[in-house]
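Q: So that you have it, the file is start00.cif, and it contains mmCIF, C-alpha atoms:
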```cif
data_structure
loop_
_atom_site.label_atom_id
_atom_site.label_comp_id
_atom_site.auth_asym_id
_atom_site.auth_seq_id
_atom_site.Cartn_x
_atom_site.Cartn_y
_atom_site.Cartn_z
CA MET A 1 0.00 0.00 0.00
CA TYR A 2 2.72 2.41 1.00
CA ALA A 3 6.12 2.02 -0.57
CA ASN A 4 9.27 2.58 1.41
CA PRO A 5 10.73 6.07 0.82
CA ARG A 6 14.06 6.04 -0.94
CA PRO A 7 17.08 7.09 1.08
CA PRO A 8 18.75 10.38 0.18
CA GLN A 9 21.18 10.08 -2.70
CA LEU A 10 24.78 11.20 -2.36
CA SER A 11 26.73 12.98 -5.02
CA HIS A 12 29.65 11.21 -6.64
CA SER A 13 32.24 13.25 -4.75
CA ASN A 14 30.57 12.71 -1.40
CA ARG A 15 30.13 8.99 -2.06
CA ARG A 16 33.82 8.72 -2.93
CA ILE A 17 34.77 10.35 0.38
CA ILE A 18 32.81 7.76 2.37
CA ASP A 19 33.75 4.77 0.22
CA SER A 20 37.39 5.52 0.83
CA ASN A 21 36.78 4.95 4.55
CA SER A 22 34.62 1.83 4.21
CA GLU A 23 35.79 -1.45 5.70
CA THR A 24 34.64 -5.02 6.10
CA LEU A 25 33.60 -6.02 9.62
CA ARG A 26 31.92 -8.96 11.29
CA LEU A 27 28.24 -8.69 12.10
CA TYR A 28 28.87 -8.88 15.83
CA GLU A 29 31.16 -5.83 15.52
CA VAL A 30 28.31 -3.70 14.15
CA TRP A 31 25.55 -5.27 16.27
CA LYS A 32 22.91 -2.77 17.37
CA GLY A 33 21.91 -4.54 20.55
CA THR A 34 23.67 -4.19 23.89
CA ASN A 35 24.96 -7.76 23.84
CA ARG A 36 28.52 -8.76 24.65
CA PHE A 37 30.33 -11.16 22.33
CA CYS A 38 33.17 -13.57 22.99
CA CYS A 39 35.41 -15.84 20.91
CA GLY A 40 34.99 -13.79 17.76
CA GLY A 41 31.19 -13.71 17.86
CA ARG A 42 30.78 -17.42 18.60
CA LEU A 43 29.34 -16.70 22.05
CA ILE A 44 26.74 -14.03 22.75
CA PHE A 45 25.89 -12.78 26.23
CA GLY A 46 23.68 -10.10 27.67
CA PRO A 47 25.01 -6.72 28.81
CA ASP A 48 24.90 -7.92 32.44
CA VAL A 49 27.11 -10.94 31.77
CA ARG A 50 29.24 -10.13 34.82
CA SER A 51 26.46 -11.44 37.04
CA ILE A 52 27.30 -14.93 35.83
CA PHE A 53 30.44 -14.83 37.98
CA LEU A 54 28.31 -14.25 41.06
CA THR A 55 26.14 -17.20 40.07
CA LEU A 56 29.22 -19.39 39.62
CA PHE A 57 30.50 -18.31 43.02
CA LEU A 58 27.21 -19.19 44.71
CA ILE A 59 27.29 -22.66 43.10
CA VAL A 60 30.95 -23.60 43.35
CA THR A 61 31.76 -22.28 46.84
CA PRO A 62 29.42 -24.57 48.82
CA VAL A 63 30.54 -27.56 46.76
CA ILE A 64 34.19 -26.83 47.55
CA LEU A 65 33.36 -26.52 51.25
CA PHE A 66 31.47 -29.81 51.05
CA CYS A 67 34.36 -31.64 49.39
CA VAL A 68 37.03 -30.22 51.68
CA PHE A 69 35.39 -30.28 55.12
CA VAL A 70 32.47 -32.71 54.96
CA SER A 71 33.56 -35.41 52.56
CA GLN A 72 36.36 -36.77 54.76
CA THR A 73 33.92 -38.03 57.38
CA LEU A 74 31.74 -39.60 54.69
CA ILE A 75 34.75 -41.33 53.11
CA ASP A 76 35.77 -42.78 56.48
CA GLU A 77 32.27 -43.91 57.43
CA PHE A 78 31.27 -45.44 54.07
CA ARG A 79 33.46 -48.32 53.06
CA GLN A 80 34.09 -49.94 49.66
CA ASN A 81 34.70 -46.52 48.09
CA ARG A 82 31.09 -45.50 48.56
CA GLY A 83 32.26 -42.34 50.29
CA ASN A 84 34.45 -41.47 47.31
CA LEU A 85 31.50 -42.13 45.03
CA ILE A 86 29.36 -39.65 47.00
CA VAL A 87 32.00 -36.94 46.54
CA ALA A 88 32.55 -37.79 42.87
CA ILE A 89 28.84 -37.55 42.12
CA CYS A 90 28.74 -34.13 43.75
CA VAL A 91 31.66 -32.87 41.67
CA VAL A 92 30.38 -34.27 38.37
CA PHE A 93 26.89 -32.95 39.00
CA THR A 94 28.33 -29.50 39.75
CA LEU A 95 30.22 -29.52 36.45
CA TYR A 96 26.98 -30.47 34.71
CA VAL A 97 25.17 -27.52 36.33
CA ILE A 98 27.96 -25.14 35.26
CA PHE A 99 27.76 -26.49 31.71
CA LEU A 100 24.00 -25.80 31.61
CA LEU A 101 24.61 -22.30 32.96
CA LEU A 102 27.11 -21.50 30.21
CA LEU A 103 24.89 -23.12 27.59
CA THR A 104 21.98 -20.93 28.68
CA SER A 105 23.98 -17.75 28.92
CA GLY A 106 26.27 -18.00 25.89
CA ARG A 107 23.87 -18.78 23.06
CA ASP A 108 21.45 -16.79 20.92
CA PRO A 109 18.13 -16.92 22.81
CA GLY A 110 16.15 -16.42 19.60
CA ILE A 111 16.93 -12.88 18.47
CA ILE A 112 14.92 -11.75 15.45
CA PRO A 113 17.05 -9.74 12.98
CA ARG A 114 16.09 -6.11 12.56
CA ASN A 115 14.77 -4.72 9.32
CA LEU A 116 16.81 -2.10 7.50
CA HIS A 117 13.62 -0.23 6.61
CA PRO A 118 10.07 -0.16 7.95
CA PRO A 119 7.89 -2.77 6.24
CA GLU A 120 5.45 -1.89 3.50
CA LEU A 121 1.80 -1.72 4.48
CA GLU A 122 0.32 -4.36 2.22
CA ASP A 123 -3.01 -6.08 2.09
CA ASP A 124 -1.84 -9.43 3.45
CA GLY A 125 -5.13 -10.48 4.98
CA SER A 126 -4.30 -9.32 8.51
CA THR A 127 -6.85 -7.21 10.32
CA ILE A 128 -6.12 -3.58 11.17
CA SER A 129 -7.76 -2.02 14.22
CA THR A 130 -10.60 0.40 13.60
CA ASP A 131 -9.04 2.86 16.05
CA TRP A 132 -6.02 3.21 13.83
CA LEU A 133 -8.19 3.59 10.73
CA GLY A 134 -10.14 6.30 12.48
CA SER A 135 -6.98 8.17 13.37
CA GLN A 136 -5.93 8.14 9.72
CA ASN A 137 -9.17 9.82 8.67
CA GLY A 138 -8.17 12.84 10.74
CA GLY A 139 -5.19 13.55 8.51
CA GLY A 140 -1.53 13.63 9.33
CA GLY A 141 -0.45 11.23 6.61
CA PRO A 142 -0.36 7.43 6.49
CA THR A 143 1.57 5.56 9.15
CA LEU A 144 2.06 1.93 9.99
CA PRO A 145 -0.66 0.50 12.26
CA PRO A 146 0.62 -0.17 15.80
CA THR A 147 -0.94 -3.65 15.90
CA ARG A 148 -2.13 -6.37 13.58
CA ASP A 149 -4.43 -9.29 14.21
CA VAL A 150 -3.25 -12.79 13.32
CA VAL A 151 -4.99 -16.12 13.85
CA VAL A 152 -3.28 -18.71 16.09
CA ASN A 153 -5.04 -22.05 16.51
CA GLY A 154 -8.36 -20.46 15.57
CA MET A 155 -7.96 -17.54 17.99
CA VAL A 156 -7.16 -13.92 17.15
CA VAL A 157 -3.87 -12.67 18.61
CA LYS A 158 -2.58 -9.12 18.33
CA VAL A 159 1.00 -8.60 17.20
CA LYS A 160 2.67 -5.25 17.78
CA TYR A 161 4.96 -3.18 15.64
CA CYS A 162 8.44 -2.65 17.09
CA HIS A 163 9.77 0.80 16.24
CA THR A 164 13.31 -0.18 17.25
CA CYS A 165 13.58 -3.30 15.08
CA MET A 166 11.17 -1.95 12.43
CA LEU A 167 9.13 -5.14 12.21
CA TYR A 168 5.87 -6.66 13.35
CA ARG A 169 6.76 -9.01 16.16
CA PRO A 170 5.73 -12.63 15.63
CA PRO A 171 3.32 -14.11 18.19
CA ARG A 172 4.92 -14.61 21.63
CA CYS A 173 7.78 -12.29 20.68
CA SER A 174 8.70 -9.30 22.80
CA HIS A 175 11.41 -6.65 22.86
CA CYS A 176 13.86 -6.97 25.75
CA SER A 177 14.62 -3.55 27.21
CA ILE A 178 17.96 -4.76 28.59
CA CYS A 179 19.42 -6.47 25.51
CA ASN A 180 17.56 -4.14 23.10
CA ASN A 181 16.50 -7.03 20.85
CA CYS A 182 13.24 -8.65 19.82
CA VAL A 183 13.38 -12.22 21.16
CA GLU A 184 11.23 -15.06 19.84
CA ARG A 185 9.04 -16.70 22.51
CA PHE A 186 10.40 -14.24 25.04
CA ASP A 187 10.12 -15.51 28.61
CA HIS A 188 12.13 -13.02 30.66
CA HIS A 189 15.59 -11.56 31.07
CA CYS A 190 17.37 -13.49 33.80
CA PRO A 191 19.99 -11.46 35.71
CA TRP A 192 21.45 -14.64 37.23
CA VAL A 193 22.56 -15.96 33.84
CA GLY A 194 23.01 -12.53 32.23
CA GLN A 195 20.94 -13.38 29.18
CA CYS A 196 17.42 -13.28 27.75
CA ILE A 197 15.46 -16.50 28.04
CA GLY A 198 13.72 -17.28 24.78
CA LYS A 199 12.88 -20.01 22.34
CA ARG A 200 16.44 -21.26 21.80
CA ASN A 201 17.63 -21.47 25.41
CA TYR A 202 14.52 -21.92 27.56
CA ARG A 203 15.03 -25.70 27.68
CA PHE A 204 18.55 -25.32 29.04
CA PHE A 205 17.43 -22.64 31.48
CA PHE A 206 14.86 -24.97 33.03
CA MET A 207 17.40 -27.80 33.15
CA PHE A 208 19.86 -25.46 34.88
CA VAL A 209 17.34 -24.32 37.51
CA SER A 210 16.03 -27.82 38.20
CA SER A 211 19.55 -29.30 38.35
CA THR A 212 20.63 -26.60 40.79
CA THR A 213 17.67 -27.56 42.96
CA LEU A 214 18.76 -31.19 42.95
CA LEU A 215 22.34 -30.20 43.76
CA CYS A 216 21.14 -28.21 46.78
CA ILE A 217 19.08 -31.18 47.99
CA TYR A 218 22.08 -33.50 47.49
CA VAL A 219 24.44 -31.34 49.56
CA PHE A 220 21.74 -30.67 52.16
CA SER A 221 21.05 -34.39 52.59
CA PHE A 222 24.63 -35.58 52.95
CA CYS A 223 25.46 -32.77 55.35
CA TRP A 224 22.72 -34.16 57.58
CA VAL A 225 24.17 -37.65 57.07
CA ASN A 226 27.52 -36.30 58.20
CA ILE A 227 25.97 -34.76 61.34
CA ILE A 228 24.17 -38.02 62.16
CA LYS A 229 27.39 -40.01 61.74
CA ILE A 230 29.18 -37.60 64.12
CA MET A 231 26.41 -37.98 66.71
CA GLN A 232 26.69 -41.76 66.48
CA LYS A 233 30.48 -41.78 66.61
CA TYR A 234 30.90 -39.43 69.58
CA HIS A 235 27.58 -40.15 71.30
CA CYS A 236 26.75 -36.44 71.47
CA ASP A 237 23.71 -34.32 70.90
CA LEU A 238 22.88 -32.27 67.82
CA TRP A 239 24.42 -29.03 69.07
CA LYS A 240 27.79 -30.67 69.85
CA ALA A 241 27.75 -32.38 66.48
CA PHE A 242 27.37 -28.97 64.80
CA MET A 243 30.26 -27.71 66.89
CA LYS A 244 32.46 -30.56 65.66
CA SER A 245 31.47 -29.89 62.02
CA PRO A 246 30.43 -26.22 61.75
CA VAL A 247 30.75 -26.28 57.95
CA SER A 248 28.00 -28.89 57.81
CA GLY A 249 25.72 -26.58 59.76
CA ILE A 250 26.54 -23.64 57.48
CA LEU A 251 25.87 -25.70 54.35
CA ILE A 252 22.60 -27.03 55.77
CA LEU A 253 21.41 -23.48 56.41
CA TYR A 254 22.66 -22.21 53.03
CA THR A 255 21.14 -25.01 50.95
CA PHE A 256 17.88 -24.84 52.91
CA VAL A 257 17.43 -21.16 52.03
CA THR A 258 18.62 -21.62 48.44
CA VAL A 259 16.37 -24.57 47.68
CA TRP A 260 13.31 -22.47 48.45
CA PHE A 261 14.36 -20.01 45.77
CA VAL A 262 15.52 -22.35 42.99
CA GLY A 263 12.97 -25.00 43.95
CA GLY A 264 10.12 -22.50 43.81
CA LEU A 265 11.44 -21.27 40.46
CA THR A 266 11.54 -24.85 39.18
CA ALA A 267 7.97 -25.50 40.27
CA PHE A 268 6.75 -22.26 38.70
CA HIS A 269 8.39 -22.98 35.35
CA LEU A 270 7.16 -26.56 35.40
CA TYR A 271 3.64 -25.12 35.68
CA LEU A 272 4.38 -22.78 32.78
CA ILE A 273 5.66 -25.68 30.66
CA LEU A 274 2.61 -27.84 31.29
CA THR A 275 0.26 -24.96 30.43
CA ASN A 276 2.44 -23.66 27.54
CA GLN A 277 2.94 -20.17 28.92
CA THR A 278 5.88 -17.85 29.28
CA THR A 279 6.68 -15.77 32.33
CA TYR A 280 5.87 -12.63 30.33
CA GLU A 281 2.50 -14.00 29.25
CA ASN A 282 1.65 -15.27 32.72
CA PHE A 283 2.14 -11.88 34.34
CA ARG A 284 0.63 -9.83 31.52
CA TYR A 285 -2.19 -11.79 29.95
CA ARG A 286 -3.39 -13.95 32.86
CA TYR A 287 -4.37 -16.98 30.79
CA HIS A 288 -6.06 -18.58 33.79
CA ARG A 289 -8.85 -16.04 33.24
CA LYS A 290 -9.16 -16.60 29.50
CA MET A 291 -8.36 -19.15 26.82
CA ASN A 292 -4.68 -19.75 26.04
CA PRO A 293 -4.28 -20.13 22.25
CA TYR A 294 -0.97 -22.01 22.64
CA ASN A 295 -2.06 -24.66 25.15
CA ARG A 296 -2.22 -28.09 23.48
CA GLY A 297 -2.45 -30.23 26.59
CA CYS A 298 0.13 -31.15 29.22
CA GLY A 299 1.69 -33.98 27.22
CA ARG A 300 2.12 -32.07 23.98
CA ASN A 301 3.30 -28.98 25.83
CA PHE A 302 5.98 -31.02 27.58
CA VAL A 303 7.12 -32.60 24.31
CA GLU A 304 7.25 -29.19 22.63
CA ILE A 305 9.71 -27.84 25.20
CA PHE A 306 11.99 -30.85 25.74
CA PHE A 307 11.81 -32.97 22.59
CA SER A 308 11.18 -30.59 19.71
CA LYS A 309 14.09 -29.48 17.54
CA ILE A 310 15.68 -26.22 18.58
CA PRO A 311 15.62 -23.90 15.55
CA SER A 312 18.88 -22.56 14.18
CA SER A 313 19.87 -19.01 14.96
CA ARG A 314 18.55 -16.41 12.56
CA ASN A 315 21.76 -14.44 12.93
CA ASN A 316 25.21 -15.30 11.66
CA PHE A 317 27.23 -13.10 13.97
CA ARG A 318 30.48 -13.99 12.23
CA ALA A 319 29.23 -13.04 8.78
CA LYS A 320 31.20 -10.31 7.09
CA VAL A 321 29.39 -7.07 6.35
CA LYS A 322 30.78 -4.19 4.37
CA VAL A 323 30.21 -0.80 5.92
CA ASP A 324 29.61 1.48 2.97
CA SER A 325 27.70 4.66 2.19
CA SER A 326 24.42 2.93 1.39
CA SER A 327 24.30 1.11 4.73
CA ILE A 328 25.37 4.23 6.60
CA PHE A 329 22.75 6.55 5.18
CA ALA A 330 19.96 4.06 4.62
CA THR A 331 19.92 2.63 8.13
CA PRO A 332 20.81 4.01 11.54
CA MET A 333 23.71 1.59 12.09
CA SER A 334 25.12 1.70 15.59
CA PHE A 335 28.56 0.24 14.95
CA VAL A 336 30.16 3.61 15.51
CA HIS A 337 28.52 3.86 18.90
CA SER A 338 29.68 0.38 19.83
CA ARG A 339 33.25 1.26 18.88
CA ARG A 340 33.11 4.75 20.39
CA PRO A 341 31.43 4.33 23.78
CA GLU A 342 32.59 7.71 25.01
CA VAL A 343 29.99 9.58 22.90
CA PRO A 344 27.15 10.71 25.24
CA LYS A 345 23.62 9.56 24.62
CA ARG A 346 20.29 9.19 26.33
CA SER A 347 17.64 6.53 25.81
CA PHE A 348 14.08 5.81 26.70
CA ASP A 349 11.84 2.75 26.63
CA ILE A 350 9.13 2.14 24.05
CA GLU A 351 7.03 -0.97 24.76
CA MET A 352 9.71 -3.09 26.43
CA GLY A 353 12.33 -1.74 24.06
CA LYS A 354 14.92 0.98 23.85
CA ARG A 355 15.42 3.53 21.13
CA GLN A 356 18.43 5.74 20.89
CA ALA A 357 17.69 9.47 21.06
CA VAL A 358 19.73 12.61 20.51
CA ALA A 359 19.73 15.86 22.41
CA ALA A 360 17.67 18.71 21.01
CA GLU A 361 20.67 20.87 20.24
CA ASP A 362 22.43 18.05 18.37
CA PHE A 363 19.30 17.41 16.34
CA ASP A 364 19.40 20.87 14.76
CA ASP A 365 23.13 20.53 14.06
CA ILE A 366 22.67 17.22 12.28
CA GLN A 367 20.03 18.65 9.98
CA SER A 368 22.06 21.71 9.11
CA GLN A 369 25.28 19.75 8.57
CA LEU A 370 23.81 16.91 6.51
CA GLY A 371 21.21 18.92 4.65
CA SER A 372 23.59 19.78 1.85
CA VAL A 373 24.87 16.21 1.57
CA GLY A 374 21.74 14.11 1.64
CA GLY A 375 19.16 16.60 0.45
CA LEU A 376 17.06 16.28 3.56
CA GLU A 377 13.61 17.73 3.22
CA ARG A 378 12.78 18.02 6.90
CA SER A 379 12.78 21.40 8.59
CA ALA A 380 15.04 22.09 11.61
CA THR A 381 12.07 22.73 13.89
CA GLN A 382 10.28 19.50 13.07
CA PRO A 383 10.12 17.12 16.08
CA ARG A 384 11.35 13.54 16.06
CA ARG A 385 8.96 10.96 14.64
CA THR A 386 7.94 7.85 16.50
CA ASN A 387 6.03 6.33 13.56
CA TRP A 388 7.30 6.07 10.01
CA ASP A 389 5.96 8.88 7.85
CA HIS A 390 5.96 8.88 4.09
CA LYS A 391 7.10 12.51 4.13
CA ALA A 392 10.24 11.66 6.13
CA ASN A 393 13.03 10.02 4.17
CA TRP A 394 14.93 8.66 7.11
CA GLN A 395 15.38 9.21 10.82
CA ASN A 396 18.31 11.00 12.40
CA THR A 397 20.14 9.04 15.05
CA PRO A 398 23.28 9.52 17.16
CA ASP A 399 25.12 7.40 14.60
CA THR A 400 24.70 10.01 11.87
CA HIS A 401 26.13 12.66 14.15
CA MET A 402 29.17 10.51 14.87
CA LEU A 403 29.53 9.56 11.21
CA ALA A 404 29.52 13.22 10.26
CA ALA A 405 32.35 13.86 12.70
CA GLU A 406 34.27 10.75 11.63
CA TYR A 407 34.15 11.32 7.89
CA GLY A 408 34.68 15.07 8.07
CA ILE A 409 31.28 15.99 6.63
CA GLU A 410 30.89 18.89 9.01
CA HIS A 411 34.15 20.64 8.18
CA GLY A 412 35.55 18.80 5.17
CA LEU A 413 32.59 19.47 2.87
CA THR A 414 32.28 23.05 4.06
CA ASP A 415 35.90 23.73 3.17
CA ARG A 416 35.32 21.99 -0.16
CA GLU A 417 32.39 24.25 -0.95
CA LYS A 418 34.37 27.33 0.03
CA HIS A 419 37.19 26.23 -2.21
CA CYS A 420 34.81 25.75 -5.12
CA GLY A 421 33.28 29.13 -4.42
CA ASP A 422 36.64 30.88 -4.62
CA HIS A 423 37.15 29.46 -8.09
#
```
The structure given in the file should be rewritten as structure tokens.
A:
Amino acid sequence: MYANPRPPQLSHSNRRIIDSNSETLRLYEVWKGTNRFCCGGRLIFGPDVRSIFLTLFLIVTPVILFCVFVSQTLIDEFRQNRGNLIVAICVVFTLYVIFLLLLTSGRDPGIIPRNLHPPELEDDGSTISTDWLGSQNGGGGPTLPPTRDVVVNGMVVKVKYCHTCMLYRPPRCSHCSICNNCVERFDHHCPWVGQCIGKRNYRFFFMFVSSTTLLCIYVFSFCWVNIIKIMQKYHCDLWKAFMKSPVSGILILYTFVTVWFVGGLTAFHLYLILTNQTTYENFRYRYHRKMNPYNRGCGRNFVEIFFSKIPSSRNNFRAKVKVDSSSIFATPMSFVHSRRPEVPKRSFDIEMGKRQAVAAEDFDDIQSQLGSVGGLERSATQPRRTNWDHKANWQNTPDTHMLAAEYGIEHGLTDREKHCGDH
């Protein structure tokens, strides 16, 4: 219905200036989200990845205390190497929990790639709300509708337009305000693993939480076994047994408190799995009060989570992308920001997402500086646009301001024009 507006065209001289500075980078080097990458883009973490070290500390420390101070009594009391087996199981199970933690935290949770341009408004059979149609009758030019209606299992579900990613989110998708990405089957952003929990890592997240619960129960149980063995050996009461093995008492208290947290989390997510809900949907839509379009029964819901094939990532973070003039001026690429973190910025949330904004004084400078290069048709007093307007060719971002400074558009082109004027 509405075609995408063409980006401003550059003159041959201006294009040659920018092409001379173009380079080939990996996709993860120009990534717009706030993710952190490791091993050349092979591992992707959230911006709060440092919290994973706290999680590792909370898991490993009690296991070390158990192996150093508690295991010796168990090894002496249990013959035929059964004591050694108890310690070995604890160590191996801890390594398994750590592996699940890294598997949850270091993989793509299901990020949906951003569009380079807003989508065209076509007659694809989806239903547009009457409120939006009514607002268009009042003038102001055509814009993209904020929501669309799609049919899921015979039920109508609204999907929203994401202004940051410039796409209509698929069903069950939401924009994470921390990672600044649209994530498929978004559950929540977990600060303990430093990553979004979505379609591609939810299975491992549940396995991590449930395994941590079992590890706490394991340590809790054998610490009590150690206390009982001490009481039997020295014929003392419970208090004196704790005095002889204070580490056992500390671990009993620690694991007792921890198991309520991770155990409750395990039970809650088991309920979500059996009813085919996400944490986001459970708190927002309250499916216990209305029909859940995704619920296919406990058995099928369980199979869908644990036995269905995990889809491949939609992003090849190691793919090479060439940063040239067309990509710079057609899309608000944020690779300059990611490589120049010292440039100030401010941001605000729009429907669980973040959009980068510029200060009012910088906005006027960008228009005046780039007006002669790109042929911008927007006036300097025109406010920023939240929705895509057919009268606006493209949207100014902090990246364009930094690009102007980097490529010398502000001063280099001005001196060029003055030089031409003298001749």
Q: Check the smallest atom-to-atom distance from each of A:Gly110, A:Pro311, A:Gly46, A:Pro119 to Ser174 in chain A using all atoms listed in the file, then report the winner.
A: A:Gly110
Q: Name all residues at most 8 Å from range 275-277 of chain A (count all atoms listed in the file; drop same-chain ones fewer than 6 positions away) and give them as number ranges by chain.
A: A: 294-298, 301
Q: Write out as number ranges by chain the residues lying within 10 Å of range 58-73 of chain A, counting all atoms listed in the file and excluding same-chain residues fewer than 6 positions away.
A: A: 52, 83-84, 86-88, 90-91, 94-95, 97-98, 212, 215-216, 219-220, 222-223, 225-227, 229-230, 245-248, 250-251, 254-255, 258
Q: For range 21-77 of chain A versus range 180-196 of chain A, which residues have an atom no more than 10 Å away, and what is each residue's nearest atom pair and distance in Å rounded to one decimal, using only C-alpha atoms, chain-then-number order, as CSV?
A:
```
residue,atom,partner,partner_atom,distance
A:Lys32,CA,A:Asn180,CA,8.0
A:Gly33,CA,A:Asn180,CA,5.1
A:Thr34,CA,A:Asn180,CA,6.2
A:Asn35,CA,A:Asn180,CA,8.3
A:Arg36,CA,A:Gln195,CA,10.0
A:Ile44,CA,A:Gln195,CA,8.7
A:Phe45,CA,A:Gln195,CA,5.8
A:Gly46,CA,A:Gln195,CA,4.5
A:Pro47,CA,A:Gly194,CA,7.0
A:Asp48,CA,A:Gly194,CA,5.0
A:Val49,CA,A:Gly194,CA,4.4
A:Arg50,CA,A:Gly194,CA,7.2
A:Ser51,CA,A:Trp192,CA,5.9
A:Ile52,CA,A:Val193,CA,5.2
A:Phe53,CA,A:Val193,CA,9.0
A:Leu54,CA,A:Trp192,CA,7.9
A:Thr55,CA,A:Trp192,CA,6.1
A:Leu56,CA,A:Trp192,CA,9.4
```
Q: Spell out the residues picked by the PyMOL selection byres ((chain A and resi 305) around 9) here, as JSON, numbers by chain.
A: {"A": [199, 202, 203, 273, 276, 300, 301, 302, 303, 304, 306, 307, 308, 309]}
Q: For the atom pair CA of Met155 in chain A and CA of Tyr287 in chain A, what is the interatomic distance in Å to one decimal place?
A: 13.3 Å
